[in-house]
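Listing of work25.cif, mmCIF, C-alpha atoms
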```cif
data_protein
loop_
_atom_site.group_PDB
_atom_site.id
_atom_site.type_symbol
_atom_site.label_atom_id
_atom_site.label_comp_id
_atom_site.auth_asym_id
_atom_site.auth_seq_id
_atom_site.Cartn_x
_atom_site.Cartn_y
_atom_site.Cartn_z
ATOM 1 C CA MET J 77 -83.990 27.494 -35.538
ATOM 2 C CA ASN J 78 -82.381 28.242 -32.180
ATOM 3 C CA LEU J 79 -81.583 31.863 -33.050
ATOM 4 C CA VAL J 80 -79.655 33.957 -30.515
ATOM 5 C CA GLU J 81 -79.397 37.678 -31.274
ATOM 6 C CA LEU J 82 -76.130 39.136 -30.030
ATOM 7 C CA THR J 83 -76.265 42.209 -27.854
ATOM 8 C CA SER J 84 -72.663 42.145 -26.626
ATOM 9 C CA ILE J 85 -69.407 40.615 -27.777
ATOM 10 C CA ASP J 86 -68.607 39.804 -24.133
ATOM 11 C CA ASP J 87 -71.011 36.842 -24.004
ATOM 12 C CA PRO J 88 -69.006 33.819 -22.651
ATOM 13 C CA ALA J 89 -70.721 31.582 -25.209
ATOM 14 C CA LEU J 90 -68.701 33.361 -27.879
ATOM 15 C CA ASP J 91 -65.295 32.578 -26.348
ATOM 16 C CA VAL J 92 -64.672 29.817 -28.901
ATOM 17 C CA TYR J 93 -64.858 32.347 -31.736
ATOM 18 C CA MET J 94 -62.982 35.214 -30.126
ATOM 19 C CA ARG J 95 -60.972 34.603 -26.992
ATOM 20 C CA LEU J 96 -59.639 31.033 -27.060
ATOM 21 C CA THR J 97 -56.356 30.228 -28.792
ATOM 22 C CA GLU J 98 -56.063 27.276 -31.166
ATOM 23 C CA ALA J 99 -54.192 25.377 -28.439
ATOM 24 C CA GLN J 100 -57.001 26.015 -25.969
ATOM 25 C CA LEU J 101 -59.582 24.926 -28.516
ATOM 26 C CA ARG J 102 -57.632 21.740 -29.173
ATOM 27 C CA ASN J 103 -57.420 20.928 -25.445
ATOM 28 C CA ARG J 104 -54.977 18.069 -25.898
ATOM 29 C CA LEU J 105 -55.353 16.893 -22.280
ATOM 30 C CA GLU J 106 -59.044 16.194 -22.808
ATOM 31 C CA PRO J 107 -59.526 15.530 -26.532
ATOM 32 C CA GLU J 108 -63.161 14.551 -26.030
ATOM 33 C CA LYS J 109 -63.799 18.190 -25.062
ATOM 34 C CA GLY J 110 -61.685 19.665 -27.847
ATOM 35 C CA ILE J 111 -63.183 22.051 -30.387
ATOM 36 C CA PHE J 112 -62.268 23.265 -33.864
ATOM 37 C CA ILE J 113 -63.716 26.000 -36.044
ATOM 38 C CA ALA J 114 -64.944 25.464 -39.616
ATOM 39 C CA GLU J 115 -65.555 28.370 -41.994
ATOM 40 C CA SER J 116 -67.896 28.841 -44.971
ATOM 41 C CA PRO J 117 -71.029 26.870 -45.888
ATOM 42 C CA LYS J 118 -69.213 24.406 -48.179
ATOM 43 C CA VAL J 119 -66.564 23.496 -45.594
ATOM 44 C CA ILE J 120 -69.139 23.203 -42.799
ATOM 45 C CA ALA J 121 -71.376 21.016 -44.986
ATOM 46 C CA ARG J 122 -68.460 18.664 -45.717
ATOM 47 C CA ALA J 123 -67.696 18.432 -42.007
ATOM 48 C CA LEU J 124 -71.326 17.604 -41.210
ATOM 49 C CA ASP J 125 -71.466 15.018 -43.996
ATOM 50 C CA ALA J 126 -68.372 13.394 -42.475
ATOM 51 C CA GLY J 127 -70.130 13.071 -39.117
ATOM 52 C CA MET J 128 -68.626 16.016 -37.237
ATOM 53 C CA THR J 129 -70.734 17.259 -34.319
ATOM 54 C CA PRO J 130 -71.660 20.972 -34.359
ATOM 55 C CA ILE J 131 -71.772 22.990 -31.140
ATOM 56 C CA SER J 132 -72.896 26.391 -32.413
ATOM 57 C CA LEU J 133 -73.008 28.601 -35.486
ATOM 58 C CA LEU J 134 -72.030 32.239 -35.873
ATOM 59 C CA MET J 135 -73.250 34.090 -38.933
ATOM 60 C CA GLU J 136 -74.247 37.459 -40.242
ATOM 61 C CA ARG J 137 -77.964 38.107 -40.147
ATOM 62 C CA THR J 138 -78.009 38.584 -43.909
ATOM 63 C CA HIS J 139 -76.918 34.951 -44.426
ATOM 64 C CA LEU J 140 -79.669 33.286 -42.378
ATOM 65 C CA GLU J 141 -81.990 32.628 -45.300
ATOM 66 C CA GLU J 142 -79.377 31.244 -47.713
ATOM 67 C CA CYS J 143 -77.949 29.030 -44.956
ATOM 68 C CA ALA J 144 -81.336 27.624 -43.892
ATOM 69 C CA THR J 145 -80.524 24.074 -45.074
ATOM 70 C CA LEU J 146 -77.153 24.156 -43.308
ATOM 71 C CA ILE J 147 -78.761 25.372 -40.096
ATOM 72 C CA GLU J 148 -81.342 22.596 -40.298
ATOM 73 C CA HIS J 149 -78.537 20.053 -40.773
ATOM 74 C CA CYS J 150 -76.952 21.288 -37.533
ATOM 75 C CA GLY J 151 -80.076 20.511 -35.517
ATOM 76 C CA ASP J 152 -80.972 22.594 -32.469
ATOM 77 C CA VAL J 153 -77.562 24.147 -31.808
ATOM 78 C CA PRO J 154 -77.469 27.887 -31.028
ATOM 79 C CA VAL J 155 -77.163 30.140 -34.066
ATOM 80 C CA TYR J 156 -75.525 33.370 -32.927
ATOM 81 C CA THR J 157 -76.177 36.287 -35.206
ATOM 82 C CA GLY J 158 -76.042 40.033 -35.435
ATOM 83 C CA PRO J 159 -75.136 42.867 -37.778
ATOM 84 C CA SER J 160 -71.952 42.601 -39.846
ATOM 85 C CA GLN J 161 -70.185 45.409 -37.978
ATOM 86 C CA MET J 162 -70.619 43.690 -34.608
ATOM 87 C CA LEU J 163 -69.434 40.338 -35.924
ATOM 88 C CA GLU J 164 -66.359 41.898 -37.482
ATOM 89 C CA GLU J 165 -65.570 43.396 -34.079
ATOM 90 C CA LEU J 166 -66.134 39.996 -32.480
ATOM 91 C CA THR J 167 -63.943 37.908 -34.798
ATOM 92 C CA GLY J 168 -61.419 40.560 -35.820
ATOM 93 C CA PHE J 169 -62.035 39.983 -39.515
ATOM 94 C CA LYS J 170 -64.878 39.790 -41.985
ATOM 95 C CA LEU J 171 -66.566 36.403 -41.695
ATOM 96 C CA THR J 172 -65.639 34.012 -44.490
ATOM 97 C CA ARG J 173 -68.795 33.684 -46.568
ATOM 98 C CA GLY J 174 -70.634 34.979 -43.500
ATOM 99 C CA VAL J 175 -70.611 31.850 -41.299
ATOM 100 C CA LEU J 176 -68.460 30.004 -38.742
ATOM 101 C CA CYS J 177 -69.232 26.752 -36.948
ATOM 102 C CA ALA J 178 -67.724 25.440 -33.714
ATOM 103 C CA MET J 179 -67.485 21.633 -33.763
ATOM 104 C CA ARG J 180 -66.351 18.818 -31.502
ATOM 105 C CA ARG J 181 -62.995 17.316 -32.375
ATOM 106 C CA PRO J 182 -63.373 13.695 -33.521
ATOM 107 C CA GLN J 183 -61.733 10.787 -31.756
ATOM 108 C CA LEU J 184 -58.797 9.800 -33.979
ATOM 109 C CA PRO J 185 -58.372 6.140 -34.972
ATOM 110 C CA SER J 186 -55.234 4.147 -34.275
ATOM 111 C CA VAL J 187 -52.671 3.817 -37.037
ATOM 112 C CA GLU J 188 -53.610 0.146 -37.418
ATOM 113 C CA GLU J 189 -57.303 0.976 -37.799
ATOM 114 C CA LEU J 190 -56.611 3.787 -40.243
ATOM 115 C CA LEU J 191 -54.362 1.783 -42.535
ATOM 116 C CA ALA J 192 -56.528 -1.314 -42.839
ATOM 117 C CA ASP J 193 -57.273 -1.909 -46.547
ATOM 118 C CA THR J 194 -55.173 1.064 -47.729
ATOM 119 C CA ARG J 195 -52.484 1.117 -50.441
ATOM 120 C CA ARG J 196 -51.219 4.692 -50.678
ATOM 121 C CA VAL J 197 -50.589 6.760 -47.552
ATOM 122 C CA ALA J 198 -49.058 10.216 -47.134
ATOM 123 C CA VAL J 199 -46.919 10.914 -44.058
ATOM 124 C CA LEU J 200 -46.304 14.539 -43.064
ATOM 125 C CA GLU J 201 -43.164 15.014 -40.973
ATOM 126 C CA GLY J 202 -42.928 18.267 -39.056
ATOM 127 C CA ILE J 203 -44.800 20.400 -41.593
ATOM 128 C CA VAL J 204 -45.629 23.539 -39.628
ATOM 129 C CA ASP J 205 -47.280 25.762 -42.216
ATOM 130 C CA HIS J 206 -51.057 25.327 -41.955
ATOM 131 C CA THR J 207 -51.540 26.455 -45.548
ATOM 132 C CA ASN J 208 -49.267 23.671 -46.783
ATOM 133 C CA VAL J 209 -51.018 21.062 -44.667
ATOM 134 C CA GLY J 210 -54.412 22.163 -45.975
ATOM 135 C CA ALA J 211 -53.160 22.129 -49.570
ATOM 136 C CA ILE J 212 -51.671 18.641 -49.156
ATOM 137 C CA PHE J 213 -54.971 17.307 -47.837
ATOM 138 C CA ARG J 214 -56.793 18.833 -50.800
ATOM 139 C CA SER J 215 -54.381 17.211 -53.257
ATOM 140 C CA ALA J 216 -54.622 13.914 -51.377
ATOM 141 C CA ALA J 217 -58.408 13.937 -51.697
ATOM 142 C CA ALA J 218 -58.323 14.837 -55.378
ATOM 143 C CA LEU J 219 -55.582 12.431 -56.455
ATOM 144 C CA GLY J 220 -56.442 9.167 -54.752
ATOM 145 C CA VAL J 221 -54.503 9.028 -51.479
ATOM 146 C CA ASP J 222 -56.164 6.590 -49.079
ATOM 147 C CA ALA J 223 -55.079 8.163 -45.771
ATOM 148 C CA VAL J 224 -52.767 10.725 -44.172
ATOM 149 C CA LEU J 225 -50.526 10.329 -41.136
ATOM 150 C CA VAL J 226 -49.092 13.333 -39.291
ATOM 151 C CA THR J 227 -46.053 13.072 -37.049
ATOM 152 C CA PRO J 228 -45.894 14.558 -33.525
ATOM 153 C CA THR J 229 -44.171 17.731 -34.800
ATOM 154 C CA CYS J 230 -46.620 18.358 -37.648
ATOM 155 C CA CYS J 231 -49.186 21.119 -37.209
ATOM 156 C CA ASP J 232 -52.831 20.340 -36.525
ATOM 157 C CA PRO J 233 -54.894 19.527 -39.671
ATOM 158 C CA LEU J 234 -57.950 20.933 -37.865
ATOM 159 C CA TYR J 235 -56.361 24.337 -37.344
ATOM 160 C CA ARG J 236 -58.735 26.907 -38.819
ATOM 161 C CA ARG J 237 -56.498 27.929 -41.723
ATOM 162 C CA ALA J 238 -55.637 24.329 -42.620
ATOM 163 C CA VAL J 239 -59.328 23.417 -42.735
ATOM 164 C CA ARG J 240 -60.100 26.468 -44.871
ATOM 165 C CA VAL J 241 -57.287 25.876 -47.376
ATOM 166 C CA SER J 242 -58.225 22.197 -47.645
ATOM 167 C CA MET J 243 -61.767 23.279 -48.625
ATOM 168 C CA GLY J 244 -63.058 20.764 -46.093
ATOM 169 C CA THR J 245 -61.258 17.776 -47.636
ATOM 170 C CA VAL J 246 -59.579 17.253 -44.263
ATOM 171 C CA PHE J 247 -62.944 15.699 -43.345
ATOM 172 C CA GLN J 248 -62.978 13.457 -46.410
ATOM 173 C CA ILE J 249 -59.506 11.905 -46.150
ATOM 174 C CA PRO J 250 -59.025 9.600 -43.127
ATOM 175 C CA TRP J 251 -56.101 10.716 -40.967
ATOM 176 C CA THR J 252 -54.491 10.274 -37.600
ATOM 177 C CA ARG J 253 -51.250 10.943 -35.732
ATOM 178 C CA ILE J 254 -48.411 8.442 -35.875
ATOM 179 C CA GLY J 255 -46.947 8.752 -32.396
ATOM 180 C CA GLU J 256 -47.642 11.154 -29.555
ATOM 181 C CA SER J 257 -44.114 12.253 -28.646
ATOM 182 C CA LEU J 258 -40.800 13.021 -30.329
ATOM 183 C CA HIS J 259 -39.574 9.541 -29.363
ATOM 184 C CA ASP J 260 -42.247 7.895 -31.536
ATOM 185 C CA TRP J 261 -40.840 9.168 -34.853
ATOM 186 C CA PRO J 262 -39.045 8.317 -37.048
ATOM 187 C CA GLN J 263 -37.652 4.947 -35.909
ATOM 188 C CA ALA J 264 -40.734 3.553 -34.189
ATOM 189 C CA GLY J 265 -43.131 4.997 -36.741
ATOM 190 C CA LEU J 266 -41.242 3.684 -39.771
ATOM 191 C CA LYS J 267 -40.962 0.272 -38.120
ATOM 192 C CA GLN J 268 -44.709 0.267 -37.522
ATOM 193 C CA LEU J 269 -45.382 1.084 -41.176
ATOM 194 C CA ASN J 270 -43.103 -1.739 -42.319
ATOM 195 C CA GLU J 271 -44.817 -4.177 -39.947
ATOM 196 C CA LEU J 272 -48.148 -3.184 -41.507
ATOM 197 C CA GLY J 273 -46.809 -4.158 -44.917
ATOM 198 C CA PHE J 274 -45.817 -0.729 -46.249
ATOM 199 C CA LYS J 275 -42.655 0.213 -48.057
ATOM 200 C CA THR J 276 -41.620 3.769 -47.194
ATOM 201 C CA ALA J 277 -40.469 6.430 -49.646
ATOM 202 C CA ALA J 278 -38.673 9.549 -48.414
ATOM 203 C CA PHE J 279 -38.900 12.503 -50.786
ATOM 204 C CA ALA J 280 -35.553 14.229 -50.497
ATOM 205 C CA LEU J 281 -32.679 15.660 -52.514
ATOM 206 C CA THR J 282 -29.837 13.152 -52.135
ATOM 207 C CA ASP J 283 -27.192 11.787 -54.470
ATOM 208 C CA ASP J 284 -28.544 8.244 -54.270
ATOM 209 C CA SER J 285 -32.237 9.020 -54.758
ATOM 210 C CA VAL J 286 -34.278 7.286 -57.456
ATOM 211 C CA SER J 287 -36.587 9.015 -59.905
ATOM 212 C CA LEU J 288 -40.273 9.370 -59.164
ATOM 213 C CA LYS J 289 -40.787 7.268 -62.312
ATOM 214 C CA ASP J 290 -38.687 4.382 -60.932
ATOM 215 C CA PRO J 291 -40.504 1.146 -61.957
ATOM 216 C CA PRO J 292 -40.005 -0.809 -58.682
ATOM 217 C CA LEU J 293 -41.230 2.202 -56.695
ATOM 218 C CA ASN J 294 -44.348 2.531 -58.824
ATOM 219 C CA ALA J 295 -45.011 -1.198 -58.610
ATOM 220 C CA GLU J 296 -45.088 -1.325 -54.784
ATOM 221 C CA GLU J 297 -48.379 -2.745 -53.548
ATOM 222 C CA LYS J 298 -48.431 -0.667 -50.351
ATOM 223 C CA LEU J 299 -46.478 2.579 -50.147
ATOM 224 C CA ALA J 300 -46.120 5.297 -47.504
ATOM 225 C CA MET J 301 -44.966 8.594 -49.079
ATOM 226 C CA VAL J 302 -43.044 10.680 -46.541
ATOM 227 C CA PHE J 303 -42.770 14.474 -46.923
ATOM 228 C CA GLY J 304 -40.663 16.789 -44.793
ATOM 229 C CA THR J 305 -40.925 20.191 -43.230
ATOM 230 C CA GLU J 306 -40.568 23.405 -45.195
ATOM 231 C CA GLY J 307 -36.982 24.494 -45.781
ATOM 232 C CA ASP J 308 -35.021 21.707 -44.072
ATOM 233 C CA GLY J 309 -36.971 18.788 -45.511
ATOM 234 C CA LEU J 310 -36.879 15.330 -43.957
ATOM 235 C CA SER J 311 -34.530 14.491 -41.106
ATOM 236 C CA ARG J 312 -31.470 12.359 -41.860
ATOM 237 C CA LYS J 313 -32.804 9.614 -39.610
ATOM 238 C CA THR J 314 -36.038 9.501 -41.582
ATOM 239 C CA ILE J 315 -34.235 9.345 -44.929
ATOM 240 C CA ALA J 316 -31.902 6.615 -43.658
ATOM 241 C CA GLY J 317 -34.820 4.618 -42.283
ATOM 242 C CA CYS J 318 -36.967 4.630 -45.435
ATOM 243 C CA ASP J 319 -36.890 1.913 -48.082
ATOM 244 C CA TYR J 320 -36.608 4.438 -50.925
ATOM 245 C CA THR J 321 -35.279 7.953 -51.301
ATOM 246 C CA VAL J 322 -37.062 9.627 -54.193
ATOM 247 C CA ARG J 323 -36.439 12.761 -56.240
ATOM 248 C CA ILE J 324 -38.856 14.536 -58.581
ATOM 249 C CA PRO J 325 -37.062 15.228 -61.896
ATOM 250 C CA MET J 326 -36.507 18.995 -62.343
ATOM 251 C CA ALA J 327 -35.778 21.264 -65.300
ATOM 252 C CA HIS J 328 -34.120 24.687 -65.761
ATOM 253 C CA GLY J 329 -31.847 24.233 -62.754
ATOM 254 C CA VAL J 330 -34.698 24.295 -60.225
ATOM 255 C CA ASP J 331 -33.687 22.198 -57.225
ATOM 256 C CA SER J 332 -37.031 21.582 -55.533
ATOM 257 C CA LEU J 333 -40.730 22.387 -55.240
ATOM 258 C CA ASN J 334 -42.767 23.672 -52.327
ATOM 259 C CA VAL J 335 -43.883 20.661 -50.277
ATOM 260 C CA ALA J 336 -47.545 21.159 -51.189
ATOM 261 C CA ALA J 337 -46.735 21.299 -54.912
ATOM 262 C CA ALA J 338 -44.350 18.359 -54.630
ATOM 263 C CA SER J 339 -46.949 16.216 -52.900
ATOM 264 C CA ALA J 340 -49.460 16.856 -55.693
ATOM 265 C CA VAL J 341 -46.934 15.704 -58.324
ATOM 266 C CA VAL J 342 -46.150 12.586 -56.284
ATOM 267 C CA PHE J 343 -49.804 11.727 -55.719
ATOM 268 C CA TRP J 344 -50.531 12.077 -59.424
ATOM 269 C CA GLN J 345 -47.729 9.682 -60.321
ATOM 270 C CA LEU J 346 -48.056 7.066 -57.589
ATOM 271 C CA CYS J 347 -51.753 6.968 -56.724
ATOM 272 C CA GLY J 348 -53.317 6.618 -60.134
#
```

Target format structure tokens, applied to this file:
Amino acid sequence: MNLVELTSIDDPALDVYMRLTEAQLRNRLEPEKGIFIAESPKVIARALDAGMTPISLLMERTHLEECATLIEHCGDVPVYTGPSQMLEELTGFKLTRGVLCAMRRPQLPSVEELLADTRRVAVLEGIVDHTNVGAIFRSAAALGVDAVLVTPTCCDPLYRRAVRVSMGTVFQIPWTRIGESLHDWPQAGLKQLNELGFKTAAFALTDDSVSLKDPPLNAEEKLAMVFGTEGDGLSRKTIAGCDYTVRIPMAHGVDSLNVAAASAVVFWQLCG
């Protein structure tokens, strides 16, 4: 165990946990140097099982013994530790289950590589709430989605809160970005999905939408399920460009569900 006892919160090695913003951690200009933070033993273990590369661990001294197997799995990376009070001062909050892990960001596959041999794909357009993104990934993992695509305006699935809410399933469901700039979505992205053999289904409240139980929709061999941002939903261009516009049947005058809840209903119906 490469144990490093903390004597000061000013140690530069601790910048990743305290002083760098999520954007700085992501380091989009040099993705091979990008970093993300995973929290809690279960989430970190899932990341390691998925092949993520650890850089360092930060944990309360009282958790060293119970996390011995996790530490061993991380190899010879530094394990920074100290009393709870110091670590709370360092991170600004009580450590989740007493442990954080800084990890290298993985190299994302191309859309073509990701979608090979897949049937059901979720596409997240401009979803900016990290809690919703994490919840969608968790539902996708539980309900049989093969892969997830995020558009250029969607928030980062490896943002700390998204990873935490997903309970580490963001490491279990293959994902990548569809396009790098605003010009790549929706026209180019939807065209690419069609060329790869996918029909596209926009989930939106329109007068000409079909029911989620629509037989032709359910019978599609390859389907990309497109979900829009909180509040405004999908853009008009996206809805117009999709093969289907789909509505979840509602009762009691309710017009819509939160996007995370809606995605779970859709996955249950279409991915079984």

For a test of reading the model, state the distance in Å between atom CA of J:Asp91 and atom CA of J:Ser132, rounded to one decimal.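 According to the coordinates, atom CA of J:Asp91 and atom CA of J:Ser132 are separated by 11.5 Å.
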
Exactly which residues make up the result of the PyMOL selection byres ((chain J and resi 316) around 12) on this file, given as a PyMOL selection string? chain J and resi 262-263+266+276-280+282+284-285+310-315+317-321

Step by step: start from the point (-68.8, 26.6, -44.0) in the file's coordinates, keep every protein, DNA or RNA residue that has an atom no farther than 10 Å from it, count only C-alpha atoms, and write the set as a ChimeraX atom specification. /J:113-124,133,143,146,172-177,240,243-244

Just give me the gap between atom CA of J:Pro130 and atom CA of J:Ala178 in Å, one decimal is fine. 6.0 Å

Expressed in Å to a single decimal, how great is the separation between atom CA of J:Ala198 and atom CA of J:Leu281? 18.1 Å

Given the file shown, enumerate the residues that the PyMOL selection byres ((chain J and resi 182) around 8) captures and present them as a PyMOL selection string. chain J and resi 108+128+180-181+183-184

Give me the residues near J:Val241 as a PyMOL selection string, where near means some atom within 7 Å (using only C-alpha atoms) and where sequence neighbours in that chain fewer than 2 positions away do not count. chain J and resi 207+210-211+237-239+243

Reference answer for the PyMOL selection byres ((chain J and resi 201) around 8), as a PyMOL selection string: chain J and resi 199-200+202-203+226-230+302-305+310

Write the residues of the preceding selection, restricted to C-alpha atoms, as a short mmCIF file (atom, residue, chain, number, x, y, z; two decimals), in the coordinates of the input.
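Final output, result_14.cif:
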```
data_model
loop_
_atom_site.label_atom_id
_atom_site.label_comp_id
_atom_site.auth_asym_id
_atom_site.auth_seq_id
_atom_site.Cartn_x
_atom_site.Cartn_y
_atom_site.Cartn_z
CA VAL J 199 -46.92 10.91 -44.06
CA LEU J 200 -46.30 14.54 -43.06
CA GLY J 202 -42.93 18.27 -39.06
CA ILE J 203 -44.80 20.40 -41.59
CA VAL J 226 -49.09 13.33 -39.29
CA THR J 227 -46.05 13.07 -37.05
CA PRO J 228 -45.89 14.56 -33.52
CA THR J 229 -44.17 17.73 -34.80
CA CYS J 230 -46.62 18.36 -37.65
CA VAL J 302 -43.04 10.68 -46.54
CA PHE J 303 -42.77 14.47 -46.92
CA GLY J 304 -40.66 16.79 -44.79
CA THR J 305 -40.92 20.19 -43.23
CA LEU J 310 -36.88 15.33 -43.96
#
```

Residue with smallest distance to J:Asp87 - pool J:Tyr156, J:Gly127, J:Ile324, J:Thr145, counting all atoms listed in the file: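 Selected residue with least distance to J:Asp87: J:Tyr156.
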
Using all atoms listed in the file, the residue out of J:Glu81, J:Leu269, J:Asp260, J:Asn208 with shortest distance to J:Val155 is J:Glu81

Which one is closest to J:Gln100: J:Leu140, J:Ala336, J:Tyr235, J:Thr194? Count all atoms listed in the file.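 Of J:Leu140, J:Ala336, J:Tyr235, J:Thr194, the one nearest J:Gln100 is J:Tyr235, counting all atoms listed in the file.
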
Please identify all polymer residues lying at most 10 Å from the point (-79.3, 37.8, -43.1) (file coordinates), using all atoms listed in the file, and present the result as a PyMOL selection string. chain J and resi 135-143+157-160+174

Written file, previous selection with C-alpha atoms, as a tab-separated table (two decimals), in the frame of the given file:
```
chain	number	residue	atom	x	y	z
J	135	MET	CA	-73.25	34.09	-38.93
J	136	GLU	CA	-74.25	37.46	-40.24
J	137	ARG	CA	-77.96	38.11	-40.15
J	138	THR	CA	-78.01	38.58	-43.91
J	139	HIS	CA	-76.92	34.95	-44.43
J	140	LEU	CA	-79.67	33.29	-42.38
J	141	GLU	CA	-81.99	32.63	-45.30
J	142	GLU	CA	-79.38	31.24	-47.71
J	143	CYS	CA	-77.95	29.03	-44.96
J	157	THR	CA	-76.18	36.29	-35.21
J	158	GLY	CA	-76.04	40.03	-35.44
J	159	PRO	CA	-75.14	42.87	-37.78
J	160	SER	CA	-71.95	42.60	-39.85
J	174	GLY	CA	-70.63	34.98	-43.50
```

Find the residue from J:Ile111, J:Ala216, J:Leu90, J:Ala300 that sits nearest to J:Lys267; use only C-alpha atoms when measuring.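 Between J:Ile111, J:Ala216, J:Leu90, J:Ala300, the residue approaching J:Lys267 most closely is J:Ala300.
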
Please write out, as JSON, where the centre of an axis-aligned box around all listed atoms of stretch 253-261 of chain J lies and how long its edges are, in Å to one decimal, after adding 5 Å on each side.
```
{"center_x": -45.4, "center_y": 10.5, "center_z": -32.3, "size_x": 21.7, "size_y": 15.1, "size_z": 17.2}
```

Under the rule that only C-alpha atoms are counted, which of J:Gly348, J:Pro291, J:Gly255, J:Pro325 is the nearest residue to J:Asp222?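 The shortest atom-to-atom distance to J:Asp222 comes from J:Gly348.
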
Given only C-alpha atoms as the counted atoms, nearest of J:Glu306, J:Asp331, J:Glu271, J:Glu296 to J:Arg195: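 The closest residue to J:Arg195 is J:Glu296.
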
Tell me which protein, DNA and RNA residues are within 7 Å of J:Lys298, counting all atoms listed in the file, leaving out same-chain ones fewer than 5 positions away, and put them as a PyMOL selection string. chain J and resi 195-196+273-275

Output C-alpha atoms for every residue in that selection, as a PDB file, in the frame of the given file.
```
ATOM      1  CA  ARG J 195     -52.484   1.117 -50.441  1.00  0.00           C
ATOM      2  CA  ARG J 196     -51.219   4.692 -50.678  1.00  0.00           C
ATOM      3  CA  GLY J 273     -46.809  -4.158 -44.917  1.00  0.00           C
ATOM      4  CA  PHE J 274     -45.817  -0.729 -46.249  1.00  0.00           C
ATOM      5  CA  LYS J 275     -42.655   0.213 -48.057  1.00  0.00           C
TER       6      LYS J 275
END
```
